[in-house]
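Chemist: Just passing along the structure, written as structure tokens.
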Amino acid sequence: MDKRVAIIGGGVAGLGAALSLDRYGIESIIIEKSPKLGGKVTGYAHLFPDFKDGKALVAELIDTAGRSPCIRVLTNASIRTMTRQDGRFELSMTSGDAVCADAVILTCGFEVFDARKQGEYGYGVYPNVITAPELELFLDPEGPTKGKLLRPSDGQPAQRVAIIFCVGSRNKRLGNPYCSRICCSYSTKQAIEIMERHPDANVTCFYMDIRTYGRGFEEMYQYAQELGVKYVRGRVSECSALPNGDIQVRAENTLMCRPVQGAFDVVSLSVGMAPCSDGAQIAAWLDLELDPYGFFQAKDDYLSPYKTHQEGVFLAGSISGLKPIRDCLSDGFSAGGDVALYLQRLHQGRA
Amino acid sequence: MAKTGSGEKGQPDYGWRFQGKIVRLCEDRSVRMDESSHLMERALRQMSMEYFALDRCLQCGICTEGCPHTKLETNARFSPRSFIQKARLGLLDLSGEDLWLCTQCGQCKLICPYEIPFLDVMISLRSLVVEQGAGYVPASIKGVLSSLSSAGNPWKEDQSRRGEWYADRDRPGNLSGRQDAVMLFVGCLPSYDKRAQKIARAAAELLQRAGVAFDILGEAEVCCGESALRAGDQGTFERLKAINTRNLAKGGAKRIYTLSPHCYDVMKNRYDGLEASGCQVYPFVILLHELISKGALPVRNGVHKRVAFHDPCLFSKHHSIIAEPREVLQNIPGIELVEMEHSGEKSFCCGGGGGGVWRDTAKGERLAEIRLEEALKTGADILATACPYCLTMLEESARGEERYQDLKVMDLCELLREGVFS
């Protein structure tokens, strides 16, 4: 069977799809716009809930893909336009190259919410207000601070840390009323990492509802509380900087019906996820449906979650709604299976 | 409303009885959720569309943290979040003062991630109490509502004295057909209150100096009805609105300028008949801004003072009017404009909105006191504002207090007047 699949996006979902197709002996080409494969998972030193090494996971996926004769990779590759002719997809790249494929898997992932849009928290204004991906970098043993959490303003060790949940999620005013699903869990994981390394630290999480919904997630939340991570139910209205660089945080402790406030060395914003920024363009090329927020709509969320309304176009990973890493990978593997079956039928139909 | 039977003497029967207190405690001190709370919840749900918005509330508490009352140590009990929670469980206690603490400043609405119209919810609940007797109305509010209803102003004053402050001036006659003519909607405080009349006089002098053809409605003007509306008295509001709409249309001027942001707010948002007669309403500060930009109001004298500007909530939080008053002030040479801890959109309420200006609030429980402290911290000589309510609230709280004796509260019109006239 001489068929080829274009996979748009080289994160874990795209790699999973390529490896799945490889098992069926189907040729695929991964088109990645950034310089390297692995997507956002490359930024996570440890994954939740098992603290597995995220970089090792990505390295293993890339390594396996690299050894496959069926998988080709284009990095730094942007698509100029995409058309469909006689059932085949023609992708012309900005480099001038052209790629032909019999099926397309969209694995473009998501964007991290831009915390500047929630101005009341002062991200980009106060140096000691950081975002969760930046905290992840601080907590990376191989990162620039060798795993130490420091105050960006003066490089001093941070002992008092506030983590604000639901930044850019569950917020109708910002146009993101949905729950980003993974922030409660990754923030809890980060809180555990700080507490395990610094048992004297004060880590306070300001949350609205704790949604640790996956297998092992709730147990991780319990463990965080055993370690002494404090959870305060209340949305922070404002962060302000004190003259020494501390960040003053105010909220209502809604369970105590009392206003609470505190000064922290570092405030980390648990930013939510937004739909992939290239989504609208891709949807226009392929005549696909987007939901009101900009996530791709599957043909049927129950029965055909990886298919779209267009024959030969498939979805995997967070492009169709936000998912934790495990689900993105299994999406990729499953979509690969769907594509293999589709190509086999196509082959038989033509033969 | 869920009607379960005919009521007594024309009073509709809402199917439940308010026994003064709705939250009743069981012997074990837990809140009892029973038939009465269920009926109240149903009644509230049917009462207003706003109520449906309550179902969206996440109970995150950001409104409570943002609410100016939280900054008052004595009043930390007021929580919009908790209000919503109780309302949707039918466990609201309408027999107490809480319903009347809200000043309708709009901070909660501004920061709510789910855009819950809490101000409208409050108005609906107050309607329940004011129009249907379902709870407690402070005596001061009752008095004002009754005066507004019978006399057209909050003090049962003689309507014929409404234009008295203006009596010694020449009235220009009918303004119909004069494209450039404007109508000054004075409002109740600047019409009757000795102190606030100074704002009206300053405004009139500035208009004369700028050569603007203008008039006031005089005794044909009644209260704009904002206080009645925000206190839940829809009926009185509608009557006042009808009188003003009719008389403004008769007045002839197509452009109406209000001295108070409160008049502006309701006339802009709720006077649907005005537009039909081709009238447009603006706040007075916008006219000043325009006249200054055109060079029609040359400022001759420097006012060498440090001035902090207190944004009226209805300007900053409800209508995003933030830059204009500041630009008017900065146009006066010598003025050093300083900003308080809360300014612009994050401005801190004086406590006068939503009927607050009519309520008696004990010393130590006034929002204006917090605002005065913020002004002191800036080292300002003058605390300027652009609202007669704010002026009254701030000045009343500063009166007789030694720590505020060097801080003067002034309206923007008065300050500009000092600059324009020698």
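Scheme for the structure tokens: letters A, B, ... for chains in order shown; per-chain residue numbers from 1; ligand numbers from 1 in order shown.
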Find the residues of chain A that sit at most 9 Å from chain B; for each, write down the nearest two atoms and how far apart they are in Å, to one decimal. Count only C-alpha atoms. Sort by chain, then by number going up, and give it as a Markdown table.

Modeler:
```
| residue | atom | partner | partner_atom | distance |
| --- | --- | --- | --- | --- |
| A:Arg170 | CA | B:Pro113 | CA | 7.2 |
| A:Asn171 | CA | B:Pro113 | CA | 4.5 |
| A:Lys172 | CA | B:Tyr114 | CA | 4.9 |
| A:Arg173 | CA | B:Pro113 | CA | 5.3 |
| A:Leu174 | CA | B:Pro113 | CA | 7.6 |
| A:Pro177 | CA | B:Tyr114 | CA | 7.7 |
| A:Tyr207 | CA | B:Cys60 | CA | 8.1 |
| A:Met208 | CA | B:Cys60 | CA | 5.4 |
| A:Asp209 | CA | B:Cys60 | CA | 8.5 |
| A:Arg233 | CA | B:Cys60 | CA | 7.3 |
| A:Gly234 | CA | B:Cys60 | CA | 5.0 |
| A:Arg235 | CA | B:Ile62 | CA | 5.1 |
| A:Val236 | CA | B:Ile62 | CA | 6.1 |
| A:Ser237 | CA | B:Ile62 | CA | 5.2 |
| A:Glu238 | CA | B:Gly66 | CA | 8.4 |
| A:Arg250 | CA | B:Glu65 | CA | 6.9 |
| A:Ala251 | CA | B:Glu65 | CA | 5.3 |
| A:Glu252 | CA | B:Glu65 | CA | 5.2 |
| A:Asn253 | CA | B:Gly61 | CA | 7.5 |
| A:Thr254 | CA | B:Gly61 | CA | 6.0 |
| A:Cys257 | CA | B:Ser82 | CA | 7.9 |
| A:Arg258 | CA | B:Ala76 | CA | 7.4 |
| A:Pro259 | CA | B:Glu65 | CA | 6.3 |
| A:Val260 | CA | B:Glu65 | CA | 8.5 |
```

Chemist: Pull the alpha helix (DSSP H) assignments for region 72-279 of chain B out of DSSP run on the backbone, and list those residues as a VMD selection string.

Modeler: chain B and resid 80 to 89 107 to 111 118 to 132 139 to 151 188 to 192 194 to 209 226 to 230 234 to 251 261 to 269 272 to 276

Chemist: Which residue, A:Val112, A:Asp97, A:Thr42, A:Ser28, has the smallest gap to Pro69 (chain A) when you use only C-alpha atoms?

Modeler: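 With only C-alpha atoms as the atom set, the closest residue is A:Ser28.
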
Chemist: In terms of the shortest atom-to-atom distance over only C-alpha atoms, which of B:Ser293, B:Thr236, B:Ser149, B:Gln280 is closest to Asn331 (chain B)?

Modeler: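 Among B:Ser293, B:Thr236, B:Ser149, B:Gln280, it is B:Ser293 that comes nearest to Asn331 (chain B).
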
Chemist: Extract, using only C-alpha atoms, all DNA, RNA and protein residues at most 10 Å from Ala200 (chain B), discarding same-chain residues fewer than 4 positions from it, and format them as a list in words.

Modeler: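 So, after excluding close chain neighbours, the residues are Trp165, Tyr166, Leu184, Phe185, Val186, Gly187, Leu189, Pro190, Ser191, Arg195, Ala196, Ala204, Glu205, Leu206, Leu259, Pro388, Cys413 and Glu414 of chain B.
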
Chemist: With a distance cut-off of 8 Å and only C-alpha atoms, select the neighbouring residues of Gln310 (chain A), excluding the residue or stretch itself and same-chain residues fewer than 4 positions from it, and output the selection as an mmCIF file with C-alpha atoms, in the first residue's frame.

Modeler:
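Result went into part_1.cif, see below:
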```cif
data_model
loop_
_atom_site.group_PDB
_atom_site.id
_atom_site.type_symbol
_atom_site.label_atom_id
_atom_site.label_comp_id
_atom_site.auth_asym_id
_atom_site.auth_seq_id
_atom_site.Cartn_x
_atom_site.Cartn_y
_atom_site.Cartn_z
ATOM 1 C CA LEU A 286 -9.923 22.106 5.013
ATOM 2 C CA ASP A 287 -13.480 23.363 5.557
ATOM 3 C CA LEU A 288 -13.669 22.073 9.132
#
```

Chemist: If you measure from CA of Leu314 (chain B) to CA of Ala181 (chain B), what distance in Å do you get, rounded to one decimal?

Modeler: 25.8 Å

Chemist: Quick one: pick out all strand (DSSP E) residues within region 109-261 of chain B from a backbone DSSP run and write them as a list of chain:residue names.

Modeler: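 Strand (DSSP E) members of region 109-261 of chain B, listed: B:Val182, B:Met183, B:Leu184, B:Phe185, B:Phe214, B:Asp215, B:Ile216, B:Arg255, B:Ile256, B:Tyr257, B:Thr258.
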
Chemist: Export, as a PDB file, in the first residue's frame, the selected residues with N, CA and C atoms.

Modeler:
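New file out-v2.pdb:
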```
ATOM      1  N   VAL B 182     -27.912  74.438  24.913  1.00  0.00           N
ATOM      2  CA  VAL B 182     -27.862  73.243  25.750  1.00  0.00           C
ATOM      3  C   VAL B 182     -28.767  73.428  26.968  1.00  0.00           C
ATOM      4  N   MET B 183     -29.228  72.290  27.497  1.00  0.00           N
ATOM      5  CA  MET B 183     -30.040  72.294  28.704  1.00  0.00           C
ATOM      6  C   MET B 183     -29.185  71.747  29.844  1.00  0.00           C
ATOM      7  N   LEU B 184     -29.176  72.475  30.933  1.00  0.00           N
ATOM      8  CA  LEU B 184     -28.435  72.006  32.099  1.00  0.00           C
ATOM      9  C   LEU B 184     -29.410  71.284  33.018  1.00  0.00           C
ATOM     10  N   PHE B 185     -29.219  69.992  33.189  1.00  0.00           N
ATOM     11  CA  PHE B 185     -30.056  69.240  34.132  1.00  0.00           C
ATOM     12  C   PHE B 185     -29.337  69.291  35.477  1.00  0.00           C
ATOM     13  N   PHE B 214     -27.714  78.528  27.203  1.00  0.00           N
ATOM     14  CA  PHE B 214     -28.206  77.383  27.977  1.00  0.00           C
ATOM     15  C   PHE B 214     -29.368  77.818  28.853  1.00  0.00           C
ATOM     16  N   ASP B 215     -30.073  76.814  29.351  1.00  0.00           N
ATOM     17  CA  ASP B 215     -31.151  77.098  30.287  1.00  0.00           C
ATOM     18  C   ASP B 215     -31.267  75.927  31.248  1.00  0.00           C
ATOM     19  N   ILE B 216     -32.054  76.135  32.295  1.00  0.00           N
ATOM     20  CA  ILE B 216     -32.384  75.041  33.199  1.00  0.00           C
ATOM     21  C   ILE B 216     -33.898  74.865  33.155  1.00  0.00           C
ATOM     22  N   ARG B 255     -29.257  69.019  23.306  1.00  0.00           N
ATOM     23  CA  ARG B 255     -28.160  68.470  24.118  1.00  0.00           C
ATOM     24  C   ARG B 255     -28.419  68.790  25.583  1.00  0.00           C
ATOM     25  N   ILE B 256     -28.410  67.714  26.410  1.00  0.00           N
ATOM     26  CA  ILE B 256     -28.683  67.872  27.831  1.00  0.00           C
ATOM     27  C   ILE B 256     -27.411  67.503  28.596  1.00  0.00           C
ATOM     28  N   TYR B 257     -27.014  68.373  29.503  1.00  0.00           N
ATOM     29  CA  TYR B 257     -25.826  68.095  30.315  1.00  0.00           C
ATOM     30  C   TYR B 257     -26.250  68.004  31.773  1.00  0.00           C
ATOM     31  N   THR B 258     -25.797  66.935  32.450  1.00  0.00           N
ATOM     32  CA  THR B 258     -26.184  66.757  33.849  1.00  0.00           C
ATOM     33  C   THR B 258     -25.003  67.084  34.748  1.00  0.00           C
TER      34      THR B 258
END
```

Chemist: Tell me, in Å to one decimal, how far CA of Ala316 (chain A) is from CA of Leu135 (chain A).

Modeler: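 Going from CA of Ala316 (chain A) over to CA of Leu135 (chain A) covers 27.5 Å.
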
Chemist: Hey, can you check how far CA of Asp22 (chain A) sits from CA of Gly337 (chain A)?

Modeler: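 Atom-to-atom, CA of Asp22 (chain A) to CA of Gly337 (chain A), that is 10.3 Å.
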
Chemist: Residues near Glu97 (chain B), anyone? I mean within 9 Å using only C-alpha atoms, not counting same-chain ones fewer than 5 positions away, as an MDAnalysis selection string.

Modeler: chainID B and resid 136:138

Chemist: List as a list in words the protein and nucleic acid residues near region 153-162 of chain B, meaning an atom at most 7 Å away when only C-alpha atoms are counted, but skip any in the same chain fewer than 5 places from it.

Modeler: Val144, Ser147, Leu148, Cys188, Ser191, Tyr192, Gly218, Glu219, Val222 and Cys223 of chain B

Chemist: Go through A:Leu137, A:Met82, A:Ile164, A:Ile105 and flag the residue nearest Gly336 (chain A), using only C-alpha atoms for the distances.

Modeler: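 Looking at the shortest contact to Gly336 (chain A), the residue is A:Ile105.
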